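Engineer: Input: one structure, supplied below.
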Amino acid sequence: MTSAAVESNRRILIIDDNPAIHEDFRKIFGAPSPAAGALDTLESALFGGGAAPAPRFEVFIDSAYQGEEGLEMVRRASAAGNPYAMAFVDVRMPPGWDGVETVARIWLECPDLQVVICTAYSDYSWDEMITKLCRNENLLILKKPFDKVEALQLASALTEKWRLSRQARLRLEELEAMVAARTPEIGIANKDLRALTAQLTAAKEAANAAKARFLANVSHEIRTPLTAVLGYADLLLEPDQSPEQREQCVHTIRRHGDNLLQIINDILDLSKIEAGRVKIDLVSCSPGDAVMEVISLLAVRARPKGLRLDAVCDGPVPAAVRTDPIRLRQILTNLIGNALKFTAQGNVRVVLKFHAGSVDGDPSLEFRVIDTGIGIAAEELQQIFTPFSQGNDSTSRRFGGTGLGLTISKKLTEMLGGRIAVESTPGKGSTFGFSIQTGPIAGVPFISQLAPLDPDQGSKSVDSHAPSAIRLSGRVLLAEDSPDNQRLLRYVLERAGAEVEIVGTGTAAVAAALSGRYDLILMDMQMPELDGYAATSLLRNKGYRGPIVALTAHAMTTDRAKCIDAGCDDYATKPIDRSALLRTALTLMTHAAFPSKENVT
């Protein structure tokens, strides 16, 4: 049966062996019998009578006079998709089935048919009917003689009940069909979910394993130079050490201290890149100058080995490109530094080559770092850009380093729009090549050779800024809570000619600055009571205008901005670069606007 048929079903079956009962029901529901309908029509034609009155409850009534006939009519109606909503069934219908037997058989085939048994309780008591039919929500009893209004109410309520029951059943069948249709999909989804869960579990285990390896490698790479630092520091305390031996200890401690700093910087760089916190600033710059600056800086490593370190152009290259010069120099420093580390004799050469690109492709500039070093085995090339990978353990023990430089270089190259690759032959050397996008080159001049390298340029540049060449004059307030750093910085500053006063907290720094006269304040940013950020902000809020330099072990770009925002004029990271600190102090103390007492509240 369709949903529309369900909504309008008012089909009622009367099962009773007495024809008069059928006529009574038809009168009750206002549904004329066929004979009555013919007479009414004839009467209207002969006497001009009006139309028959509208039924009080619009129903369709069928009649059956025996139980067997009623069952057959129920079957035919159901097969035709037009079932009865309810039936009024008399109990006594000789000589065939009685009403209770008829209802029992009908319910075997149509269990949702609403049934009203009409009885005077002369044949069956209520308990006997329940015993035979069992308790059923679709069964009611109408006691004879019955009231017309009662019959109307029963018909109205039970046909509505049948409609709601059938709607619920149809909806349930629809839902079951939907579930059946979706069950395979759910099974597939569950299978995919299990597979994804397994992948996530494997990924988590792999991540935990990688984390464990990372921490183990970090621990090893830090403890190795730290062992040398502590060991040679102990040797310095030996009373029988000669001046030459003490000097060797100092140089060894400094060398391993630099290694420790490089490891920490590499780890910080990698963590910033992985966290997406590295900002690429694209500006116009000279790639040739970047190469020559790095070569000038690293020439000091090439000379003791007798290595030739140079750079050439393979054809004309742009004099200027649009890239991040700081990141470009960082990549070049890592690759050229690695080449020098693993090359004992011969040379290291940097080759620049311009690629115009296809019609739709962007132009790029290629850098190749070619060495004549130990080379890399084919099986080790697969992991050369993996963090803490350096070919094999013997290479790491022989040459040192974490292997993070190549990982950082690869990621920075990709951020500059290029890619990096390596070719190598064991015993003959390696070539690391990387490319960067040049940006627009319309109107940019091209060059065919780079400026000659001055072998002494790097050392002269360093010597001209040696700590011994810088002289300070004036008073410095050093706010630092570490006694060891207090002694070290006092020594450096006083040796350069400054007068130094030391306080150990931010609160003391504010009090001293507001009551004394200082040409420079060096403010540690991590101190008890009141940290350097709060102390600097408080001084600026009170009108203090003297120069303040932040001292901090935090080396991120965002940390520098935080110090400047707090009111500092400059920023120095720990461990302190002695020459850089003295140059900064000299600049600020020379141009300082000395605050007067009147301008400080």
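If you're wondering about the labels, chains in the structure tokens are A, B, ... by order shown, residues count from 1 in each chain, ligands from 1 in order shown.
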Please provide the set of residues having any atom within 10 Å of range 252-257 of chain A, restricted to only C-alpha atoms, with same-chain residues fewer than 3 positions apart removed, written as a short mmCIF file (atom, residue, chain, number, x, y, z; two decimals) with N, CA and C atoms, in the first residue's frame.

Structural biologist:
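Below you can see out24.cif, which holds the result:
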data_model
loop_
_atom_site.label_atom_id
_atom_site.label_comp_id
_atom_site.auth_asym_id
_atom_site.auth_seq_id
_atom_site.Cartn_x
_atom_site.Cartn_y
_atom_site.Cartn_z
N ILE A 222 76.23 16.45 22.45
CA ILE A 222 76.52 17.48 23.45
C ILE A 222 77.53 16.99 24.47
N THR A 224 79.87 14.79 24.11
CA THR A 224 81.23 14.58 23.58
C THR A 224 82.09 15.84 23.72
N PRO A 225 81.66 17.00 23.19
CA PRO A 225 82.49 18.19 23.41
C PRO A 225 82.47 18.66 24.87
N LEU A 226 81.38 18.38 25.58
CA LEU A 226 81.34 18.79 26.98
C LEU A 226 82.36 18.02 27.80
N THR A 227 82.59 16.76 27.44
CA THR A 227 83.63 15.97 28.11
C THR A 227 85.00 16.62 27.95
N ALA A 228 85.28 17.08 26.73
CA ALA A 228 86.55 17.75 26.49
C ALA A 228 86.64 19.06 27.27
N VAL A 229 85.54 19.82 27.29
CA VAL A 229 85.55 21.10 28.01
C VAL A 229 85.85 20.88 29.49
N LEU A 230 85.11 19.95 30.11
CA LEU A 230 85.31 19.70 31.54
C LEU A 230 86.68 19.07 31.81
N GLY A 231 87.08 18.16 30.94
CA GLY A 231 88.38 17.50 31.15
C GLY A 231 89.54 18.46 31.06
N TYR A 232 89.56 19.31 30.02
CA TYR A 232 90.67 20.25 29.88
C TYR A 232 90.58 21.37 30.91
N ALA A 233 89.37 21.66 31.41
CA ALA A 233 89.27 22.63 32.50
C ALA A 233 89.93 22.07 33.75
N ARG A 246 98.92 24.86 29.21
CA ARG A 246 97.73 25.62 29.62
C ARG A 246 97.10 26.32 28.41
N GLU A 247 97.94 26.85 27.54
CA GLU A 247 97.42 27.51 26.34
C GLU A 247 96.70 26.50 25.44
N GLN A 248 97.27 25.30 25.34
CA GLN A 248 96.62 24.26 24.54
C GLN A 248 95.28 23.88 25.14
N CYS A 249 95.19 23.79 26.46
CA CYS A 249 93.93 23.48 27.13
C CYS A 249 92.88 24.55 26.82
N LEU A 260 79.82 23.11 20.69
CA LEU A 260 78.58 23.03 21.45
C LEU A 260 77.59 24.12 21.01
N LEU A 261 78.09 25.32 20.81
CA LEU A 261 77.23 26.42 20.38
C LEU A 261 76.63 26.13 19.00
N GLN A 262 77.44 25.58 18.09
CA GLN A 262 76.94 25.25 16.76
C GLN A 262 75.85 24.18 16.82
N ILE A 263 76.04 23.18 17.69
CA ILE A 263 75.03 22.13 17.85
C ILE A 263 73.71 22.73 18.33
N PRO A 575 75.93 32.31 24.69
CA PRO A 575 77.16 32.88 25.27
C PRO A 575 77.56 34.17 24.56
#

Engineer: Can you pull out every residue within 10 Å of Ser165 in chain A, counting only C-alpha atoms, but drop anything in the same chain fewer than 4 positions away, and send it as a ChimeraX atom specification?

Structural biologist: /A:6,112-113,159-161,169-171

Engineer: Using only C-alpha atoms, determine which residues lie at most 9 Å from His554 in chain A, disregarding the query and same-chain residues fewer than 3 positions distant; provide the list as a PyMOL selection string.

Structural biologist: chain A and resi 551+559-560+573-574

Engineer: Any idea what's packed within 12 Å of Trp97 in chain A, counting only C-alpha atoms, ignoring anything in its chain fewer than 2 positions away? Could you give it as a list of chain:residue names?

Structural biologist: A:Ile15, A:Asp16, A:Asp17, A:Tyr65, A:Gln66, A:Gly67, A:Glu68, A:Glu69, A:Gly70, A:Leu71, A:Val89, A:Asp90, A:Val91, A:Arg92, A:Met93, A:Pro94, A:Pro95, A:Gly99, A:Val100, A:Glu101, A:Thr102, A:Val103, A:Ala104, A:Arg105, A:Ile106

Engineer: Mind checking which residues fall within 8 Å of Met292 in chain A, counting only C-alpha atoms, ignoring those fewer than 4 positions away in the same chain, and posting them as an MDAnalysis selection string?

Structural biologist: chainID A and resid 288 296 311 450:451 453

Engineer: What would the file look like if the residues just selected were written as a short mmCIF file (atom, residue, chain, number, x, y, z; two decimals), in the first residue's frame with all heavy atoms?

Structural biologist:
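Contents of again25.cif, freshly written:
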data_model
loop_
_atom_site.label_atom_id
_atom_site.label_comp_id
_atom_site.auth_asym_id
_atom_site.auth_seq_id
_atom_site.Cartn_x
_atom_site.Cartn_y
_atom_site.Cartn_z
N GLY A 288 76.76 36.72 -6.00
CA GLY A 288 78.22 36.65 -6.02
C GLY A 288 78.82 37.15 -4.72
O GLY A 288 79.76 36.55 -4.18
N SER A 296 85.27 34.08 2.21
CA SER A 296 86.17 34.89 3.04
C SER A 296 86.13 34.44 4.49
O SER A 296 87.17 34.35 5.16
CB SER A 296 85.78 36.36 2.93
OG SER A 296 86.55 37.16 3.80
N ALA A 311 85.68 30.35 -6.22
CA ALA A 311 84.34 30.34 -6.81
C ALA A 311 84.43 30.87 -8.23
O ALA A 311 85.19 31.81 -8.51
CB ALA A 311 83.38 31.18 -5.98
N LEU A 450 83.44 36.38 -10.72
CA LEU A 450 83.27 36.95 -9.39
C LEU A 450 84.51 37.73 -9.00
O LEU A 450 85.60 37.51 -9.54
CB LEU A 450 82.99 35.85 -8.36
CG LEU A 450 81.81 34.93 -8.68
CD1 LEU A 450 81.69 33.85 -7.61
CD2 LEU A 450 80.53 35.73 -8.77
N ALA A 451 84.34 38.64 -8.05
CA ALA A 451 85.48 39.45 -7.59
C ALA A 451 86.52 38.54 -6.97
O ALA A 451 86.19 37.58 -6.26
CB ALA A 451 85.00 40.48 -6.58
N LEU A 453 89.17 36.77 -4.64
CA LEU A 453 89.15 36.56 -3.20
C LEU A 453 90.45 37.02 -2.58
O LEU A 453 91.55 36.64 -3.01
CB LEU A 453 88.94 35.08 -2.89
CG LEU A 453 89.04 34.67 -1.42
CD1 LEU A 453 87.94 35.32 -0.61
CD2 LEU A 453 89.00 33.16 -1.28
#

Engineer: Can you pull out the residues contacting Asp62 in chain A? Cut-off 12 Å, using only C-alpha atoms, and skip same-chain residues under 5 positions away; I want them as JSON, numbers by chain.

Structural biologist: {"A": [10, 11, 12, 13, 14, 15, 16, 22, 23, 25, 26, 31, 32, 33, 34, 69, 70, 73, 74, 77, 83, 84, 85, 86, 87, 88]}

Engineer: Take the selection from the previous step and output its residues with N, CA, C and O atoms, as a short mmCIF file (atom, residue, chain, number, x, y, z; two decimals), in the first residue's frame.

Structural biologist:
data_model
loop_
_atom_site.label_atom_id
_atom_site.label_comp_id
_atom_site.auth_asym_id
_atom_site.auth_seq_id
_atom_site.Cartn_x
_atom_site.Cartn_y
_atom_site.Cartn_z
N ARG A 10 -9.93 3.99 5.21
CA ARG A 10 -11.07 3.88 6.13
C ARG A 10 -11.88 2.62 5.76
O ARG A 10 -13.10 2.61 5.81
N ARG A 11 -11.22 1.57 5.36
CA ARG A 11 -11.90 0.34 4.92
C ARG A 11 -12.20 -0.54 6.14
O ARG A 11 -11.29 -0.88 6.90
N ILE A 12 -13.50 -0.85 6.27
CA ILE A 12 -13.95 -1.65 7.42
C ILE A 12 -14.69 -2.88 6.90
O ILE A 12 -15.52 -2.81 5.99
N LEU A 13 -14.35 -4.03 7.50
CA LEU A 13 -15.00 -5.29 7.14
C LEU A 13 -15.94 -5.71 8.27
O LEU A 13 -15.51 -5.76 9.45
N ILE A 14 -17.21 -5.98 7.90
CA ILE A 14 -18.19 -6.49 8.87
C ILE A 14 -18.33 -7.99 8.64
O ILE A 14 -18.69 -8.44 7.55
N ILE A 15 -18.04 -8.80 9.68
CA ILE A 15 -18.18 -10.26 9.58
C ILE A 15 -19.28 -10.68 10.57
O ILE A 15 -19.06 -10.68 11.79
N ASP A 16 -20.41 -11.01 10.02
CA ASP A 16 -21.55 -11.38 10.86
C ASP A 16 -22.53 -12.17 9.98
O ASP A 16 -22.74 -11.83 8.81
N HIS A 22 -25.45 -5.98 9.35
CA HIS A 22 -24.72 -5.22 8.33
C HIS A 22 -25.43 -3.91 8.02
O HIS A 22 -24.79 -2.86 7.89
N GLU A 23 -26.79 -3.98 7.91
CA GLU A 23 -27.55 -2.78 7.63
C GLU A 23 -27.44 -1.79 8.79
O GLU A 23 -27.35 -0.58 8.59
N PHE A 25 -24.85 -1.37 10.79
CA PHE A 25 -23.54 -0.69 10.72
C PHE A 25 -23.53 0.36 9.61
O PHE A 25 -22.95 1.43 9.76
N ARG A 26 -24.18 0.03 8.50
CA ARG A 26 -24.19 1.00 7.40
C ARG A 26 -24.96 2.26 7.80
O ARG A 26 -24.58 3.37 7.43
N ALA A 31 -23.36 4.94 5.50
CA ALA A 31 -22.95 4.32 4.25
C ALA A 31 -24.10 3.47 3.74
O ALA A 31 -24.37 2.39 4.27
N PRO A 32 -24.87 3.91 2.73
CA PRO A 32 -26.06 3.17 2.28
C PRO A 32 -25.69 1.83 1.65
O PRO A 32 -24.64 1.69 1.04
N SER A 33 -26.62 0.90 1.85
CA SER A 33 -26.44 -0.40 1.20
C SER A 33 -26.77 -0.27 -0.27
O SER A 33 -27.42 0.70 -0.68
N PRO A 34 -26.39 -1.20 -1.14
CA PRO A 34 -26.73 -1.12 -2.57
C PRO A 34 -28.23 -1.01 -2.78
O PRO A 34 -28.69 -0.23 -3.59
N GLU A 69 -15.38 -16.80 4.74
CA GLU A 69 -15.53 -15.75 3.73
C GLU A 69 -14.77 -14.49 4.15
O GLU A 69 -14.11 -13.85 3.33
N GLY A 70 -14.83 -14.14 5.44
CA GLY A 70 -14.12 -12.96 5.92
C GLY A 70 -12.61 -13.08 5.73
O GLY A 70 -11.94 -12.15 5.30
N MET A 73 -11.71 -12.58 2.08
CA MET A 73 -11.77 -11.18 1.69
C MET A 73 -10.56 -10.40 2.23
O MET A 73 -10.02 -9.52 1.55
N VAL A 74 -10.13 -10.74 3.43
CA VAL A 74 -8.92 -10.09 4.00
C VAL A 74 -7.71 -10.42 3.14
O VAL A 74 -6.87 -9.56 2.84
N ALA A 77 -7.88 -8.46 -0.25
CA ALA A 77 -7.63 -7.02 -0.07
C ALA A 77 -6.14 -6.76 0.17
O ALA A 77 -5.55 -5.81 -0.38
N PRO A 83 -5.60 -3.06 1.94
CA PRO A 83 -6.06 -3.87 3.07
C PRO A 83 -7.14 -3.15 3.89
O PRO A 83 -7.34 -1.94 3.77
N TYR A 84 -7.81 -3.95 4.72
CA TYR A 84 -8.78 -3.38 5.65
C TYR A 84 -8.03 -2.81 6.86
O TYR A 84 -7.03 -3.36 7.33
N ALA A 85 -8.57 -1.70 7.38
CA ALA A 85 -7.98 -1.12 8.57
C ALA A 85 -8.51 -1.80 9.82
O ALA A 85 -7.78 -1.96 10.81
N MET A 86 -9.79 -2.19 9.81
CA MET A 86 -10.37 -2.83 10.98
C MET A 86 -11.53 -3.74 10.56
O MET A 86 -12.00 -3.69 9.42
N ALA A 87 -11.98 -4.51 11.54
CA ALA A 87 -13.10 -5.42 11.30
C ALA A 87 -13.95 -5.51 12.55
O ALA A 87 -13.43 -5.56 13.68
N PHE A 88 -15.30 -5.50 12.33
CA PHE A 88 -16.25 -5.82 13.40
C PHE A 88 -16.64 -7.28 13.20
O PHE A 88 -17.16 -7.66 12.13
#

Engineer: Quick one: distance from CA of Thr413 in chain A to CA of Phe434 in chain A in Å, one decimal?

Structural biologist: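 The value is 7.0 Å.
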
Engineer: What gap, in Å, lies between CA of Gly474 in chain A and CA of Val500 in chain A?

Structural biologist: 8.7 Å

Engineer: Which residues are near Asp269 in chain A? Cut-off 9 Å, only C-alpha atoms, ignore same chain within fewer than 3 positions. Put them as a list of chain:residue names.

Structural biologist: A:Ile264, A:Asn265, A:Asp266, A:Lys272, A:Ile273, A:Glu274, A:Val278, A:Ile408, A:Met556

Engineer: How would the residues just chosen look if you wrote them out with N, CA and C atoms as a PDB file, in the first residue's frame?

Structural biologist:
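This went into out30.pdb:
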ATOM      1  N   ILE A 264      73.805  23.595  19.333  1.00  0.00           N
ATOM      2  CA  ILE A 264      72.596  24.225  19.876  1.00  0.00           C
ATOM      3  C   ILE A 264      71.923  25.082  18.813  1.00  0.00           C
ATOM      4  N   ASN A 265      72.712  25.849  18.075  1.00  0.00           N
ATOM      5  CA  ASN A 265      72.140  26.693  17.022  1.00  0.00           C
ATOM      6  C   ASN A 265      71.459  25.846  15.938  1.00  0.00           C
ATOM      7  N   ASP A 266      72.085  24.721  15.573  1.00  0.00           N
ATOM      8  CA  ASP A 266      71.490  23.854  14.557  1.00  0.00           C
ATOM      9  C   ASP A 266      70.168  23.270  15.039  1.00  0.00           C
ATOM     10  N   LYS A 272      62.818  25.521  14.615  1.00  0.00           N
ATOM     11  CA  LYS A 272      62.062  26.656  14.082  1.00  0.00           C
ATOM     12  C   LYS A 272      61.517  26.340  12.684  1.00  0.00           C
ATOM     13  N   ILE A 273      62.340  25.682  11.873  1.00  0.00           N
ATOM     14  CA  ILE A 273      61.884  25.331  10.523  1.00  0.00           C
ATOM     15  C   ILE A 273      60.732  24.344  10.593  1.00  0.00           C
ATOM     16  N   GLU A 274      60.868  23.306  11.437  1.00  0.00           N
ATOM     17  CA  GLU A 274      59.815  22.299  11.550  1.00  0.00           C
ATOM     18  C   GLU A 274      58.522  22.909  12.080  1.00  0.00           C
ATOM     19  N   VAL A 278      60.189  30.027  10.688  1.00  0.00           N
ATOM     20  CA  VAL A 278      61.251  30.719   9.956  1.00  0.00           C
ATOM     21  C   VAL A 278      60.619  31.600   8.890  1.00  0.00           C
ATOM     22  N   ILE A 408      69.046  21.095   7.477  1.00  0.00           N
ATOM     23  CA  ILE A 408      68.638  22.502   7.488  1.00  0.00           C
ATOM     24  C   ILE A 408      68.782  23.100   6.094  1.00  0.00           C
ATOM     25  N   MET A 556      65.987  33.348  19.561  1.00  0.00           N
ATOM     26  CA  MET A 556      65.029  33.391  18.461  1.00  0.00           C
ATOM     27  C   MET A 556      64.827  34.838  17.991  1.00  0.00           C
TER      28      MET A 556
END

Engineer: Suppose you want the space between CA of Leu270 in chain A and CA of Thr407 in chain A; what is it in Å?

Structural biologist: 7.9 Å

Engineer: Rank A:Ala511, A:Val283, A:Leu586, A:Val369 by their smallest atom-to-atom distance to Ala469 in chain A, using only C-alpha atoms, and report the top residue only.

Structural biologist: A:Leu586

Engineer: Would you please give, as JSON, numbers by chain, all residues of range 124-361 of chain A that DSSP assigns to strand (DSSP E) based on the backbone?

Structural biologist: {"A": [139, 140, 141, 142, 143, 283, 284, 285, 308, 309, 310, 311, 312, 313, 317, 318, 321, 322, 323, 347, 348, 349, 350, 351, 352, 353, 354, 355]}

Engineer: Please determine, counting only C-alpha atoms, which residue among A:Arg301, A:Lys27, A:Arg223, A:His355 has the shortest atom-to-atom distance to Thr333 in chain A.

Structural biologist: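 Closest to Thr333 in chain A of all the choices is A:Arg301.
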
Engineer: Let's see if you can do this: from backbone DSSP, list all alpha helix (DSSP H) residues in range 178-371 of chain A, as number ranges by chain.

Structural biologist: A: 178-236, 243-274, 287-302, 325-341
